[in-house]
Amino acid sequence: MNVNQQAHMASPYRQPQPALQGYAQPGYGGPPTQYAPYNSPNPGYQQGPTPAGPVRPSPNSGAPPVSAPQGYSQYTQGDVQNGPPTMSSQPHSPPVSQPYLPGSQPAYHQHYGAPHTGMQQMTNQMSGMQVSAPPPAVSGYAPPSSQHQTSVSFSGAPSFPPHSVSSQQNSPATSLTHGQPPSQSPFPGSPSLAQSPFPGAPPPGSQPQYSSTPPLPVSQPQYSSAPPLPVSQPQYSSAPPLPVSQPQYSSAPPASSQPHYPGAQPPPASQAQFPGPSQTSPFHAPPSSFPPTAGAPRHPGVQPMQAPPHSQYLSGPPLPCQPMQGPPLSQQNHVAPGMQGPPAQPAPPGQGQGVQPQQNGAFGQMSGPQPGYGGSYPGPQNYGAQPPPPAAPPQKRLDPDSIPSPQVSAPPAVQKTRHRIDPDAIPSPVQVIEDDQANRSSEPFTTGVRGQAPPLVTTNFQVKDQGNASPSYIRCTAYNFPCTSDMAKQSQVPLAAVIKPLATLPLDEAPPYIVDHGETGPIRCNRCKAYMCPFMQFIEGGRRFQCGFCSCVTEVPPHYFQHLDHTGKRVDCYDRPELSMGTCEFTATVDYCKNNKIPQPPAFIFLIDVSYNAVKSGLVDLICAEMKTLLDYLPRESSEADSCIRVGFVTYNKVLHFYNVKSSLAQPQMMVVSDVADMFVPLLDGFLVNVNESRAVINSLLDQIPEMFADTRETETVFAPVIQAGLEALKAADCAGKLFIFHSSLPIAEAPGKLKNREDKKLVGTDKEKTLFQPQTSFFGNLAKECVAQGCCVDLFLFPNQYVDVATLGVVPSQTGGSVYKYTCFQVPSDGDRFLNDLRRDVQKQVGFDAVMRVRTSTGIRATDFFGDFYMSNTTDVELAGLDCDKAVTVEFRHDDKLSEESGALMQCAVLYTSCSGQRRLRVHNLSVNCCTQLADLYRNCDTDTLINFFAKYAYRSILNSPTKTVRDTLINQSAQILSCYRKNCASPSSAGQLILPECMKLLPVYLNCVLKSDILQPGADISLDDRAYLRQLVTSMDVAESHVFFYPRLLPLQKLDVEGDSLPTAVRASEERLSKGGLYLLENGLHLFLWVGANVQQELLQSVFNTPSFGQIDPSMTNLPVLDNPYSRRLRAIIESFRAERPRYMKLMVVKQDDKLELIFKHFLVEDKSASGGASYVDFLCHMHKEIRQLLS
């Protein structure tokens, strides 16, 4: 069973869009929007003497005076308040998930450090997590910038407010704080000390083991994941020690013992109230001073800036003068009752004066109840225990689902066990996707604004081209490029674009306009040869234009002259697509053709393996039967009735058989070439024919081929001569074209390109592993070069029963812009549908031939590296024998000079290709991005999905030359540098125990972990070398939408399917904890579809879907659901078909019954869990990333 990679949950990609009705005026030039200056909560505030205890970081907003209590909602935008619930609070409803019992998961083999050894060390682990966001601009309050951050606090006083995902808020941030719980007494409602607080939790005396680094000596003040020493000897993270009362920061991966409880619904987000500008807090330092603290050292090379506010989380209730605020509800990241951390140890002596320090470095708790609060923390609920005594009546609070944080009171006699971090409290990909869909799908995305980040790739949105190319064609890792190379190096954010030149647009969106300038051809800059586009500035009354890329001034040809209006634009600007739209297509003149000759229409040649394996599996019969109808659907121009493409046929085993199917013949003729060492085409006339003219002869041939080879005993095959035969045929016809090769076994027959079986699993994990991804011989590389020169693209369909060396056989397809399809152990009943659908789509899809792509940029940056399926004979031109609508090329940019904030950075991708009708065309995509001098602006406008696409392709290419462990470490290190640079230079000062993530990159850790755990970089024992080579090549040419769902699959619960409407059920996160025994779930990753059936699914549901009332009678071998006449069956089958239609490859359905042997394969795609190959869970990896970042900061 092939196990391919995990991917990202995605909603349907792009909805149809109405045709464009004209063009609104694009806006170019001008500096980016300035952010409003930060208004201090009280301009006249004078900072008094420092209070006893550690220095408090600046919070985000002013607090209301004690005399003016604010209404509180946990979901307002601001600091999270963790206090006791009020008497009006409804009981907490737990989140929907399964109880998690310790020891229910396999051991995790990839430790990020040595385990703890002492009891004290084991007790100091992370228990909870907070995720939050700061306030938006309200009346009288303007945040210093619109930077989004997310802050998640791991603390022993866990309050888990939901976490802001909305991209329209001003400045949320994510911070994760690792700490230890403060002192806390046995509360009303808490379990008795002798009890375990949760079913299955270890007894209080026993502590679970954690994988983390051993403690450092007290004398080393640095970030450590060691547990803190006694409070009288604090250990510090990255700064000189503060007063002795400063707590230590500790971090470690969590124990896997946190339970989940079903049922929580997020409260509404409309209850936010914010303090006015005059409300101050004694702990609000004026933002202008912004002193660097232990958590946020300043980088010497960066100008101090007004940092974007992030959510500074307190582990306890706010001080009397602090506002009670919380993040907006956009993510179900609150935790259910009972998730609070254990009571902590007694407060150390000497700290009774003034403000008590929190264990995570934030201030918050007073030694007694605070004004406006209703008594002590109620403690975790004890499910299944005796009802607690009534608590003191708490004060009214707006939101019932907020989770309080403990207050200090008498300490318990025994330290309770720690709990694992709640996965609901860390950034959720599903919630981010849902929020983006809700916030950005209703309004059209107009491309006229420079440097505007588009909606997520999973969001259905309408594009209006007003001067920049649609995100369907180009997506960038960042839409604010750093002005200098030093700044780019400091941030480590890769500057790259994923370009899909021939992407298919939604049905209602108009394809690019075709512009014909006649014999003169497209207008171009004299110096850099950039094509006319909206970035060209017309001067001198329209007689000349200045190039936006190189600033050279060029004469406007007389036939192209037009007057300018009062704004300096040509009066015909909106009548010419090349002047007003980001994408357009030019017809090319003979000067753009090879040898200055108009090209012939291309040809398709089908080369069919007729060896024993292929015939006996039924493959040859299947291909020949399908071909009769498939030839009616060859690609054609929309204006043509019939396709211009000619076709030819070859069969082969150890020798090659060519067929003459000339229309004048009564029967096809076969010619055999047995000298495979010197390949030639034995016939010219009659090999490549027009389908309609030779229909009868072709059908006769397709009927005869299965009969001719039905009794073959030949098991050996050749491969390289097959490609050579197709290449020679195209050379003889003087045209470009595509070879469709159907191949079944390792080519071991005597011939050029003969291969040997080199499968050796002992090399996996060693320094020699890279050789398994390299081709056995250079022969195929040279052959690919010849194919590219002729415009001969190769698509390879593989049907292996054992090792076939995909790494070598795939060289020619990958370098010619072709595709590889793989059907291991092919059987017609189970795999026939997938193969036929793939073949139909491959033959019918839009494709260009003999293509050359060049990316031009404005002065200051240049394209330096390219990733994808292509060949490069120089450093600038990407050559593709074939370029289809699914292929993407990833381009990396580097600085060669300074960029200007005023002019931004421009890029133009021009693709010269031959259309399927033989017409030479030029497709041009233009994109402008902003440039910035502040790191905060860079981190404000990044696209994590594109970043992951780049990282995956970079890593998958690197394994050709480096051990996989080195590649994984490189990815982790670069990502840690990206996040630590943000923390150091952009985030507000805060405790070192907090992991602070930029809002637009808060999913970077979870997606990066999916790449690191992928079968290519961390293979399980059950995946073959061929599968790894196949997946490596597949990802290399993926666009952002495909790589997204490939690494983080989409998992839909089907129990509550709306059978009447068109909406899909809300996806759930890819984790086993999200599966319910009574549920039905559909998982897709772009290559596979799984239907997981829980053991306790209702009989009616089973009857509606499978036509059987019994779980035991479900046939797990079915690949298609039965066609039943009921609303549920119709809706489910429609969803499956819509998923298949969205993806470039047909996804075969696998039905997985709970506890069945296939479930192991299904669980491989639950990417937030630990993997069988030793890959970390999301929670563990987040902790590891935090540790890496802290080491970089220290």
# chains A, B, ... in the order shown; residues from 1 in each chain; ligands from 1
>>> residues_around(residues="Asn1107 (chain A)", least_positions_apart="5", cutoff="10 Å", atoms="only C-alpha atoms", output="short mmCIF file (atom, residue, chain, number, x, y, z; two decimals) with N, CA, C and O atoms, in the first residue's frame")
data_model
loop_
_atom_site.label_atom_id
_atom_site.label_comp_id
_atom_site.auth_asym_id
_atom_site.auth_seq_id
_atom_site.Cartn_x
_atom_site.Cartn_y
_atom_site.Cartn_z
N GLN A 1099 -26.93 2.55 12.84
CA GLN A 1099 -27.32 1.63 11.77
C GLN A 1099 -27.93 2.36 10.58
O GLN A 1099 -27.69 2.01 9.43
N GLU A 1100 -28.74 3.41 10.89
CA GLU A 1100 -29.38 4.13 9.78
C GLU A 1100 -28.33 4.76 8.86
O GLU A 1100 -28.49 4.79 7.64
N LEU A 1101 -27.27 5.29 9.48
CA LEU A 1101 -26.21 5.93 8.69
C LEU A 1101 -25.49 4.88 7.82
O LEU A 1101 -25.23 5.12 6.64
N LEU A 1102 -25.20 3.73 8.40
CA LEU A 1102 -24.55 2.66 7.62
C LEU A 1102 -25.45 2.21 6.46
O LEU A 1102 -24.98 1.98 5.35
N GLN A 1113 -20.45 -5.99 8.29
CA GLN A 1113 -20.71 -6.38 6.90
C GLN A 1113 -20.17 -5.38 5.88
O GLN A 1113 -20.31 -5.58 4.68
N ILE A 1114 -19.58 -4.30 6.35
CA ILE A 1114 -19.02 -3.32 5.40
C ILE A 1114 -17.82 -3.94 4.70
O ILE A 1114 -16.94 -4.53 5.35
N LEU A 1121 -18.43 4.06 -3.44
CA LEU A 1121 -19.61 3.82 -2.63
C LEU A 1121 -20.76 3.34 -3.51
O LEU A 1121 -20.88 3.75 -4.68
N PRO A 1122 -21.61 2.48 -2.96
CA PRO A 1122 -22.77 2.05 -3.75
C PRO A 1122 -23.69 3.23 -4.07
O PRO A 1122 -23.81 4.15 -3.27
N VAL A 1123 -24.28 3.19 -5.25
CA VAL A 1123 -25.19 4.27 -5.67
C VAL A 1123 -26.57 3.97 -5.09
O VAL A 1123 -27.27 3.07 -5.56
N LEU A 1124 -26.92 4.72 -4.04
CA LEU A 1124 -28.19 4.49 -3.34
C LEU A 1124 -29.10 5.70 -3.51
O LEU A 1124 -28.62 6.83 -3.58
N SER A 1129 -26.68 9.52 0.76
CA SER A 1129 -25.77 8.87 -0.19
C SER A 1129 -25.46 9.80 -1.36
O SER A 1129 -24.31 9.93 -1.77
#
>>> select_by_dssp(residues="region 764-904 of chain A", states="helix (DSSP H, G or I)", output="ChimeraX atom specification")
/A:767-773,779-790,806-809,811-815,828-844
>>> residues_around(residues="region 641-645 of chain A", least_positions_apart="2", cutoff="6 Å", atoms="only C-alpha atoms", output="short mmCIF file (atom, residue, chain, number, x, y, z; two decimals) with all heavy atoms, in the first residue's frame")
data_model
loop_
_atom_site.label_atom_id
_atom_site.label_comp_id
_atom_site.auth_asym_id
_atom_site.auth_seq_id
_atom_site.Cartn_x
_atom_site.Cartn_y
_atom_site.Cartn_z
N PRO A 602 1.66 20.05 -32.69
CA PRO A 602 2.36 18.98 -31.96
C PRO A 602 1.72 17.61 -32.18
O PRO A 602 0.64 17.49 -32.77
CB PRO A 602 2.23 19.41 -30.49
CG PRO A 602 1.08 20.35 -30.46
CD PRO A 602 0.96 20.98 -31.80
N ALA A 603 2.41 16.57 -31.70
CA ALA A 603 1.93 15.19 -31.86
C ALA A 603 1.95 14.48 -30.51
O ALA A 603 2.76 14.79 -29.64
CB ALA A 603 2.82 14.45 -32.86
N ARG A 636 -7.61 21.10 -27.82
CA ARG A 636 -7.77 21.95 -29.00
C ARG A 636 -8.03 23.37 -28.55
O ARG A 636 -8.39 23.61 -27.39
CB ARG A 636 -8.93 21.45 -29.87
CG ARG A 636 -10.25 21.39 -29.13
CD ARG A 636 -11.36 20.76 -29.97
NE ARG A 636 -12.57 20.56 -29.20
CZ ARG A 636 -13.50 21.49 -28.99
NH1 ARG A 636 -13.34 22.70 -29.51
NH2 ARG A 636 -14.58 21.23 -28.29
N SER A 917 -2.48 24.19 -31.04
CA SER A 917 -2.80 24.35 -32.46
C SER A 917 -1.56 24.69 -33.29
O SER A 917 -1.65 24.85 -34.50
CB SER A 917 -3.85 25.46 -32.63
OG SER A 917 -3.31 26.70 -32.18
#
>>> select_by_dssp(residues="region 729-807 of chain A", states="strand (DSSP E or B)", output="VMD selection string")
chain A and resid 737 to 743 792 to 798
>>> atom_distance(atom1="CA of Pro494 (chain A)", atom2="CA of Ile474 (chain A)")
15.6 Å
>>> residues_around(residues="Ala497 (chain A)", least_positions_apart="6", cutoff="7 Å", atoms="only C-alpha atoms", output="list in words")
Ile474, Arg475, Cys476, Thr477, Thr890, Val891 and Glu892 of chain A
>>> closest_residue(among="A:Phe481, A:Phe1111, A:Phe461, A:Tyr871", to="Leu935 (chain A)", atoms="only C-alpha atoms")
A:Phe481
>>> residues_around(residues="Pro752 (chain A)", least_positions_apart="4", cutoff="10 Å", atoms="only C-alpha atoms", output="number ranges by chain")
A: 676-679, 718-721, 724, 747, 779-780
>>> write_last_selection(atoms="N, CA and C atoms", output="compact mmCIF listing (two decimals), in the first residue's frame")
# COMPACT_ATOMS: atom_id res chain seq x y z
N VAL A 676 17.86 -2.33 -30.81
CA VAL A 676 17.53 -1.24 -29.89
C VAL A 676 18.75 -0.40 -29.54
N ALA A 677 19.94 -0.87 -29.87
CA ALA A 677 21.15 -0.09 -29.57
C ALA A 677 21.29 1.12 -30.48
N ASP A 678 20.66 1.05 -31.66
CA ASP A 678 20.74 2.17 -32.61
C ASP A 678 19.33 2.44 -33.12
N MET A 679 18.61 3.16 -32.32
CA MET A 679 17.17 3.31 -32.58
C MET A 679 16.90 4.23 -33.77
N VAL A 718 12.76 -3.01 -22.34
CA VAL A 718 13.72 -1.90 -22.49
C VAL A 718 12.99 -0.63 -22.13
N PHE A 719 13.76 0.46 -21.90
CA PHE A 719 13.08 1.72 -21.58
C PHE A 719 13.68 2.90 -22.35
N ALA A 720 14.99 3.09 -22.25
CA ALA A 720 15.60 4.24 -22.94
C ALA A 720 15.33 4.23 -24.45
N PRO A 721 15.44 3.06 -25.12
CA PRO A 721 15.15 3.07 -26.57
C PRO A 721 13.71 3.48 -26.89
N GLN A 724 13.84 7.13 -27.02
CA GLN A 724 14.58 7.50 -28.23
C GLN A 724 13.71 7.35 -29.47
N PRO A 747 13.83 -2.04 -16.41
CA PRO A 747 14.36 -2.37 -17.75
C PRO A 747 15.72 -3.07 -17.64
N PHE A 779 23.06 8.49 -18.44
CA PHE A 779 22.48 8.32 -19.78
C PHE A 779 21.16 9.06 -19.91
N PHE A 780 20.30 8.94 -18.87
CA PHE A 780 18.97 9.54 -18.98
C PHE A 780 19.02 11.06 -18.90
>>> closest_residue(among="A:Lys569, A:Arg856, A:Leu701, A:Ala1029", to="Ala625 (chain A)", atoms="only C-alpha atoms")
A:Leu701
>>> residues_around(residues="Val924 (chain A)", least_positions_apart="6", cutoff="9 Å", atoms="only C-alpha atoms", output="list in words")
Pro501, Tyr531, Cys533, Glu578, Gly582, Thr583, Cys584, Glu585, Phe586, Gln908, Cys909, Ala910, Val911 and Leu912 of chain A
>>> write_last_selection(atoms="N, CA, C and O atoms", output="tab-separated table (two decimals), in the first residue's frame")
chain	number	residue	atom	x	y	z
A	501	PRO	N	2.24	29.11	-14.58
A	501	PRO	CA	1.98	30.00	-15.73
A	501	PRO	C	0.69	29.70	-16.48
A	501	PRO	O	0.03	30.61	-16.98
A	531	TYR	N	8.45	43.00	-21.27
A	531	TYR	CA	7.31	43.23	-22.14
A	531	TYR	C	6.43	44.36	-21.59
A	531	TYR	O	6.40	44.61	-20.38
A	533	CYS	N	3.70	46.39	-19.97
A	533	CYS	CA	2.86	45.96	-18.85
A	533	CYS	C	2.43	47.21	-18.07
A	533	CYS	O	2.88	48.32	-18.37
A	578	GLU	N	-2.70	44.72	-21.94
A	578	GLU	CA	-1.30	44.72	-21.49
A	578	GLU	C	-0.97	45.94	-20.63
A	578	GLU	O	0.01	45.93	-19.88
A	582	GLY	N	-2.79	42.39	-15.00
A	582	GLY	CA	-1.56	41.74	-14.53
A	582	GLY	C	-1.15	40.58	-15.39
A	582	GLY	O	0.03	40.21	-15.41
A	583	THR	N	-2.08	39.98	-16.12
A	583	THR	CA	-1.78	38.83	-16.97
A	583	THR	C	-2.38	39.05	-18.35
A	583	THR	O	-3.54	39.45	-18.47
A	584	CYS	N	-1.58	38.83	-19.36
A	584	CYS	CA	-2.13	38.83	-20.72
A	584	CYS	C	-1.26	37.93	-21.60
A	584	CYS	O	-0.20	37.47	-21.18
A	585	GLU	N	-1.74	37.69	-22.81
A	585	GLU	CA	-1.03	36.78	-23.71
A	585	GLU	C	-0.85	37.47	-25.06
A	585	GLU	O	-1.78	38.09	-25.57
A	586	PHE	N	0.37	37.41	-25.59
A	586	PHE	CA	0.67	37.99	-26.89
A	586	PHE	C	0.84	36.87	-27.92
A	586	PHE	O	1.37	35.81	-27.60
A	908	GLN	N	8.30	40.04	-13.47
A	908	GLN	CA	7.54	39.71	-14.67
A	908	GLN	C	7.96	38.33	-15.13
A	908	GLN	O	9.15	38.08	-15.38
A	909	CYS	N	7.01	37.43	-15.20
A	909	CYS	CA	7.28	36.08	-15.69
A	909	CYS	C	6.73	35.97	-17.10
A	909	CYS	O	5.52	36.12	-17.32
A	910	ALA	N	7.61	35.73	-18.07
A	910	ALA	CA	7.20	35.60	-19.47
A	910	ALA	C	7.45	34.17	-19.93
A	910	ALA	O	8.55	33.65	-19.75
A	911	VAL	N	6.43	33.54	-20.48
A	911	VAL	CA	6.54	32.16	-20.96
A	911	VAL	C	6.24	32.14	-22.46
A	911	VAL	O	5.15	32.51	-22.89
A	912	LEU	N	7.23	31.72	-23.23
A	912	LEU	CA	7.07	31.56	-24.68
A	912	LEU	C	6.79	30.08	-24.94
A	912	LEU	O	7.56	29.23	-24.52
>>> residues_around(residues="region 960-977 of chain A", least_positions_apart="6", cutoff="7 Å", atoms="only C-alpha atoms", output="list of chain:residue names")
A:Gln492, A:Thr766, A:Asp767, A:Glu769, A:Lys770, A:Phe773, A:Gln774, A:Leu1012, A:Leu1017, A:Met1185, A:Glu1188, A:Ile1189
>>> write_last_selection(atoms="N, CA, C and O atoms", output="short mmCIF file (atom, residue, chain, number, x, y, z; two decimals), in the first residue's frame")
data_model
loop_
_atom_site.label_atom_id
_atom_site.label_comp_id
_atom_site.auth_asym_id
_atom_site.auth_seq_id
_atom_site.Cartn_x
_atom_site.Cartn_y
_atom_site.Cartn_z
N GLN A 492 15.93 35.86 7.65
CA GLN A 492 15.97 34.49 7.12
C GLN A 492 14.68 34.06 6.42
O GLN A 492 14.52 32.89 6.08
N THR A 766 21.54 6.55 6.44
CA THR A 766 23.00 6.70 6.42
C THR A 766 23.38 7.83 5.47
O THR A 766 22.53 8.39 4.76
N ASP A 767 24.68 8.13 5.43
CA ASP A 767 25.15 9.18 4.52
C ASP A 767 25.00 8.78 3.06
O ASP A 767 25.02 9.63 2.17
N GLU A 769 22.39 7.36 1.80
CA GLU A 769 20.98 7.33 1.42
C GLU A 769 20.70 8.22 0.21
O GLU A 769 19.87 7.90 -0.63
N LYS A 770 21.44 9.30 0.10
CA LYS A 770 21.21 10.25 -1.01
C LYS A 770 21.41 9.59 -2.37
O LYS A 770 20.79 9.99 -3.36
N PHE A 773 18.33 8.42 -4.33
CA PHE A 773 17.49 9.40 -5.03
C PHE A 773 18.16 9.90 -6.31
O PHE A 773 17.54 10.63 -7.08
N GLN A 774 19.42 9.55 -6.50
CA GLN A 774 20.13 9.98 -7.70
C GLN A 774 19.97 8.92 -8.79
O GLN A 774 19.85 7.73 -8.48
N LEU A 1012 8.68 17.79 7.85
CA LEU A 1012 9.78 17.02 8.47
C LEU A 1012 9.39 15.56 8.66
O LEU A 1012 10.23 14.67 8.59
N LEU A 1017 11.53 12.69 4.12
CA LEU A 1017 12.55 13.11 5.09
C LEU A 1017 12.61 12.21 6.31
O LEU A 1017 13.64 12.17 6.99
N MET A 1185 10.46 23.67 18.96
CA MET A 1185 10.75 24.94 18.27
C MET A 1185 10.98 26.05 19.29
O MET A 1185 11.86 26.90 19.11
N GLU A 1188 14.44 25.77 20.56
CA GLU A 1188 15.42 26.24 19.56
C GLU A 1188 15.46 27.77 19.52
O GLU A 1188 16.53 28.38 19.42
N ILE A 1189 14.29 28.38 19.58
CA ILE A 1189 14.22 29.84 19.52
C ILE A 1189 14.89 30.45 20.75
O ILE A 1189 15.65 31.42 20.66
#
>>> closest_residue(among="A:Asp869, A:Asp465, A:Asp632, A:Asp760", to="Pro534 (chain A)", atoms="only C-alpha atoms")
A:Asp465
>>> atom_distance(atom1="CA of Gly1174 (chain A)", atom2="CA of Val1093 (chain A)")
26.2 Å
>>> atom_distance(atom1="CA of Arg440 (chain A)", atom2="CA of Gly1086 (chain A)")
23.9 Å
>>> closest_residue(among="A:Leu1025, A:Val672, A:Ala987, A:Leu1051", to="Val806 (chain A)", atoms="only C-alpha atoms")
A:Leu1025
>>> closest_residue(among="A:Val691, A:Cys825, A:Leu1132, A:Val1035", to="Tyr1081 (chain A)", atoms="only C-alpha atoms")
A:Leu1132
>>> decode(residues="region 959-1007 of chain A", atoms="C-alpha atoms", output="mmCIF file, in the first residue's frame")
data_model
loop_
_atom_site.group_PDB
_atom_site.id
_atom_site.type_symbol
_atom_site.label_atom_id
_atom_site.label_comp_id
_atom_site.auth_asym_id
_atom_site.auth_seq_id
_atom_site.Cartn_x
_atom_site.Cartn_y
_atom_site.Cartn_z
ATOM 1 C CA ILE A 959 18.420 15.256 -0.121
ATOM 2 C CA LEU A 960 20.099 14.562 -3.457
ATOM 3 C CA ASN A 961 23.306 15.865 -1.890
ATOM 4 C CA SER A 962 22.895 15.728 1.906
ATOM 5 C CA PRO A 963 21.792 13.211 4.540
ATOM 6 C CA THR A 964 18.122 13.540 5.457
ATOM 7 C CA LYS A 965 18.965 14.378 9.078
ATOM 8 C CA THR A 966 21.083 17.318 7.935
ATOM 9 C CA VAL A 967 18.227 18.529 5.742
ATOM 10 C CA ARG A 968 15.728 18.284 8.602
ATOM 11 C CA ASP A 969 18.042 20.142 10.965
ATOM 12 C CA THR A 970 18.559 22.881 8.367
ATOM 13 C CA LEU A 971 14.808 23.408 8.036
ATOM 14 C CA ILE A 972 14.284 23.543 11.794
ATOM 15 C CA ASN A 973 17.176 25.946 12.227
ATOM 16 C CA GLN A 974 16.039 28.334 9.511
ATOM 17 C CA SER A 975 12.477 28.364 10.823
ATOM 18 C CA ALA A 976 13.728 28.983 14.357
ATOM 19 C CA GLN A 977 15.825 31.885 13.053
ATOM 20 C CA ILE A 978 12.782 33.369 11.293
ATOM 21 C CA LEU A 979 10.716 33.219 14.486
ATOM 22 C CA SER A 980 13.502 34.316 16.822
ATOM 23 C CA CYS A 981 14.251 37.343 14.634
ATOM 24 C CA TYR A 982 10.603 38.302 14.912
ATOM 25 C CA ARG A 983 10.668 37.807 18.662
ATOM 26 C CA LYS A 984 13.840 39.827 19.089
ATOM 27 C CA ASN A 985 12.983 42.751 16.828
ATOM 28 C CA CYS A 986 9.226 42.996 16.471
ATOM 29 C CA ALA A 987 7.492 41.615 19.536
ATOM 30 C CA SER A 988 6.813 43.593 22.671
ATOM 31 C CA PRO A 989 9.142 42.781 25.552
ATOM 32 C CA SER A 990 7.868 39.782 27.456
ATOM 33 C CA SER A 991 9.090 36.855 29.460
ATOM 34 C CA ALA A 992 11.449 34.439 27.795
ATOM 35 C CA GLY A 993 9.053 31.642 28.635
ATOM 36 C CA GLN A 994 6.690 32.879 25.948
ATOM 37 C CA LEU A 995 6.797 31.645 22.382
ATOM 38 C CA ILE A 996 5.592 34.596 20.325
ATOM 39 C CA LEU A 997 4.624 33.924 16.717
ATOM 40 C CA PRO A 998 3.708 36.422 14.003
ATOM 41 C CA GLU A 999 0.014 36.227 13.204
ATOM 42 C CA CYS A 1000 0.605 35.249 9.573
ATOM 43 C CA MET A 1001 3.152 32.591 10.579
ATOM 44 C CA LYS A 1002 1.453 31.051 13.565
ATOM 45 C CA LEU A 1003 0.884 27.842 11.583
ATOM 46 C CA LEU A 1004 4.517 27.604 10.470
ATOM 47 C CA PRO A 1005 5.429 25.093 13.217
ATOM 48 C CA VAL A 1006 2.570 22.684 12.501
ATOM 49 C CA TYR A 1007 3.111 22.757 8.733
#
